[in-house]
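Visitor: Sending over a structure as structure tokens; questions will come in a sec.
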Amino acid sequence: MSTFVSEFKTAATRVTGDARQRQFIRTALGNYEIARDKRKASFQSWESARQAAAETKWQAINHLDTHLESLVAKLEARGTKVHWASNATQAREIILKIVTDKKARSIIKSKAMTSEEIHLNDALEHAGFTVAESDLGEFIVQLRHEPPYHIVFPSMHLTRDQIRDLFQKELGDAPSNSPEDLTMVARRVMRQKYIEADIGFTGGNFAIAETGMISITENEGNARLTAALPKTMITLLGIEKVLPRFSDLALFLPMLATAGAGQPMTCYNTMYSGPRQPGECDGPEEWHVVLLDNRRTELLADPEQRDALHCIRCGACLNVCPIFRNVGGHTYGTTYSGPVGSVITPHLRGLQDWKHLSNASSLCGACTEACPVKIDLHHHLLHNRRNASMSEPSFFEKLAYKIFGMVANEPVFWSLAKKIGWLTQPLQRAVKGSALDPAKAWTKTRDLPTQPLESFKDWWRNRK
Amino acid sequence: MSERENILGRIREALQFDAPLPGSHGHATTDHAVAESPASHAREWLPSVSTDIGEQFALFAKNAADLKADFQLFASRDDLKAALVKISATEKWQRIASHEGELSNFASQSLGLPTLLTDHGYDVQAMERCDAAITECDALVAQTGGVVVTSRSTGGRALSVLPPHHVVIARRDQLVADLPSAFALLQRRYAPDYPSMISFITGPSRTGDIERILVLGAHGPKKLTILCC
């Protein structure tokens, strides 16, 4: 068993056993669902909006080359420096070089899952730079030296008491456990950092091919400040973030807010089209945009699952997933958790190592239903299961199915098997889940239904 | 070969095969091509907005209140001035930041406080010490209760987020019905030479990162006031 599977199983067992933690997560996500449903109901037609959003992303992704060329041409025309990175190493090298050339002392960052993907903070800190996460949730998990728990709500697993204790220990400042007071502590700590930072680092939610803009969605204003005050701005963006037209945002911004957090609009939706332009009074002198592939093109090469690149990282599928709600975000051990993470991680980091995530699903389809861009998530989990067993079939699995096929195809064998099954039932119950039970991996936590002596077939034959 | 060519090459190679259309569960492909601009009918699906201007103002007021922004509509500039002076007195403003503009000049002159103007560059520390920022806007959006600002028309990038209280001074004719109208307006006004930053501000800065409980003023302004006449 690969270490990733065993780590997943150990963590899942631990978290599912923690009833308080599960209750806490369920309450938070239950409240999210209420708010989201209210916002969805305010749409004249959420379903038509979903279909249009899905078709828009389909268009964007299926003409990705022309859209990227247009985006880059427009960005460069206004003085933005665009860099291309095929993988995480190249992206880190590009960013480290910019930061080193600028002789930067401190870097302020707003939330970017792509930076988690390439482990940017570790690389920057290793090279001797100070990095401050400015999003409150990211700031909290950074203080705990932990990855974000959820792609939209990074610190949702922590209680106010835990955060107070953390602030007390790390910052020596925590007047009370009230969310208001704690937020103000973070506000105070961060204020001077925006002003002093040499580099502002951001991610991006959408890239507009038509106008050459990068749109950033946030509630706190930290990305606004990050893109306003430091002299150099760096934006790291997955190549799949493109949208064809400026006006597409009129649909995507309210949909992202609704699906992501049950808001009508996120507080700040900001489109950047260049560094400070002639006649403008502030903004960075230089803007570097790093476009990241990191195996997205491999996902693109699979037409069946290409729509996974439509993902706008709203987190809706995580929020409704019964598995995510019970095993929590850290159990996945991946940058992107929940259903969409389970679908894309095997493509981004290796199918055999991460195929177990395809089974971290009840296939209930809640994720597919919740997705604002109609990614066929739960079918893709099945596709990954199929692909994994086709590319590296398991000998015992194949043998077991072969024997089952033989038995099930022969009525004589089948009725014999039914009799044996009925006869050995008490024996199975006696050893259930113990070392003697050959099926203990399954039966340890599950009961076999009682098998009656008379099958349906018998009953049908004997009925009056 | 450059990394750009490598990545574009991989993309072109990958796109040799068509992907099924969304919502078809893998069945339909490009045979039924998608509309040229699938999102162009967004207005028909987004939350509905009346065509009546009075109702649009009522909707804006309701949405702004839900966002915990303070929206006030005045019959005359004198009323607006009186309201602004009152807010300034209540909050004991000592200094403000603003930018050149017909409405913003009117507002900052009515207060008579020391005013930092951003138009020709400014000291960031000095702006941080200001009690409020007074700006104009490009549009008010009835559908969301938010305002649209840009780096060119409203005093740069930092002015609307750094001081703790953001006051927007707007004219009645700046109200647009919905998001599609706001994007169309920006396109008419600026394309192809857009300001380097365009921001849709929908309520004061907020966070829910601690137990998903709403707190205003995470990093941006704790208060957003929209005065319109």
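Convention: chains lettered A, B, ... in structure tokens order; per-chain residue numbering from 1; ligands numbered from 1 as shown.
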Near A:Thr80, within 9 Å and counting only C-alpha atoms, which residues show up once chain neighbours fewer than 2 positions away are dropped, as a PyMOL selection string?

Guide: chain A and resi 72+74-78+82+273-275+286-289

Visitor: Would you give me, as an NGL selection string, the residues of chain B that come within 7 Å of chain A, using only C-alpha atoms?

Guide: :B and (3-4 or 7-8 or 10-12 or 14-15 or 17-19 or 22-23 or 25-26 or 34 or 38-39 or 42 or 44-48 or 118-121 or 144 or 151-152 or 156-158 or 161 or 179-180 or 183 or 196-203 or 205-207 or 209-213 or 215 or 218-220)

Visitor: With only C-alpha atoms as the basis for distance, which of A:Ile34, A:Ala19, A:Ile420, A:Ile98 is at the shortest distance from A:Gly262?

Guide: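 Checking each of A:Ile34, A:Ala19, A:Ile420, A:Ile98 against A:Gly262, counting only C-alpha atoms, the winner is A:Ile34.
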
Visitor: Give the helix (DSSP H, G or I) residues of stretch 32-185 of chain B, as DSSP finds them on the backbone, and put them as a PyMOL selection string.

Guide: chain B and resi 38-44+53-66+77-90+102-111+124-128+172-174+179-185

Visitor: So that I can check the surroundings of A:Trp422, please list as a VMD selection string every protein, DNA and RNA residue that reaches within 12 Å of it, counting only C-alpha atoms and ignoring chain neighbours fewer than 5 positions away.

Guide: chain A and resid 415 to 417 427 to 429 448 to 455

Visitor: Write the residues you've just listed into a file as a compact mmCIF listing (two decimals), in the first residue's frame, and include N, CA and C atoms for each of them.

Guide:
```txt
# COMPACT_ATOMS: atom_id res chain seq x y z
N SER A 415 -26.68 -21.80 -7.55
CA SER A 415 -27.56 -22.23 -6.47
C SER A 415 -26.75 -22.96 -5.39
N LEU A 416 -25.67 -23.61 -5.81
CA LEU A 416 -24.79 -24.25 -4.83
C LEU A 416 -24.15 -23.18 -3.94
N ALA A 417 -23.70 -22.11 -4.57
CA ALA A 417 -23.06 -21.02 -3.82
C ALA A 417 -24.04 -20.41 -2.81
N LEU A 427 -20.96 -19.09 10.81
CA LEU A 427 -19.50 -19.11 10.93
C LEU A 427 -18.93 -17.71 10.64
N GLN A 428 -19.46 -17.08 9.58
CA GLN A 428 -18.99 -15.73 9.23
C GLN A 428 -19.21 -14.78 10.39
N ARG A 429 -20.41 -14.91 11.02
CA ARG A 429 -20.72 -14.01 12.13
C ARG A 429 -19.76 -14.22 13.31
N LEU A 448 -22.95 -7.95 7.11
CA LEU A 448 -23.55 -8.58 5.93
C LEU A 448 -25.03 -8.75 6.20
N PRO A 449 -25.88 -8.46 5.23
CA PRO A 449 -27.30 -8.70 5.45
C PRO A 449 -27.54 -10.21 5.60
N THR A 450 -28.54 -10.56 6.42
CA THR A 450 -28.84 -11.98 6.63
C THR A 450 -29.41 -12.57 5.33
N GLN A 451 -28.89 -13.73 5.00
CA GLN A 451 -29.34 -14.35 3.75
C GLN A 451 -30.43 -15.37 4.07
N PRO A 452 -31.64 -15.24 3.50
CA PRO A 452 -32.69 -16.21 3.79
C PRO A 452 -32.43 -17.51 3.04
N LEU A 453 -33.00 -18.61 3.54
CA LEU A 453 -32.81 -19.89 2.87
C LEU A 453 -33.51 -19.88 1.52
N GLU A 454 -34.72 -19.29 1.52
CA GLU A 454 -35.47 -19.26 0.27
C GLU A 454 -35.15 -18.00 -0.52
N SER A 455 -34.58 -18.17 -1.71
CA SER A 455 -34.26 -17.00 -2.53
C SER A 455 -35.51 -16.54 -3.27
```

Visitor: Interatomic distance between atom CA of A:Thr232 and atom CA of A:Glu117?

Guide: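 Atom CA of A:Glu117 lies 22.1 Å from atom CA of A:Thr232.
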
Visitor: Contacts of B:Ala132 at 8 Å or less, counting only C-alpha atoms, minus same-chain residues fewer than 4 places along, as a VMD selection string?

Guide: chain B and resid 93 95 to 97 163 to 167

Visitor: Could you work out how far atom CA of A:Gly341 lies from atom CA of B:Glu13, giving the answer in Å with one decimal?

Guide: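 Atom-to-atom, atom CA of B:Glu13 and atom CA of A:Gly341 are spaced 24.8 Å apart.
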
Visitor: Record the distance separating atom CA of A:Ile312 and atom CA of B:Leu175, expressed in Å with one decimal.

Guide: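 Between these atoms lies a distance of 29.5 Å.
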
Visitor: Could you name the residues that touch B:Thr225 at 10 Å or less, counting only C-alpha atoms, but leaving out those on the same chain fewer than 4 positions away, as a PyMOL selection string?

Guide: chain B and resi 64+68-72+84+87+134+165-169+203-204
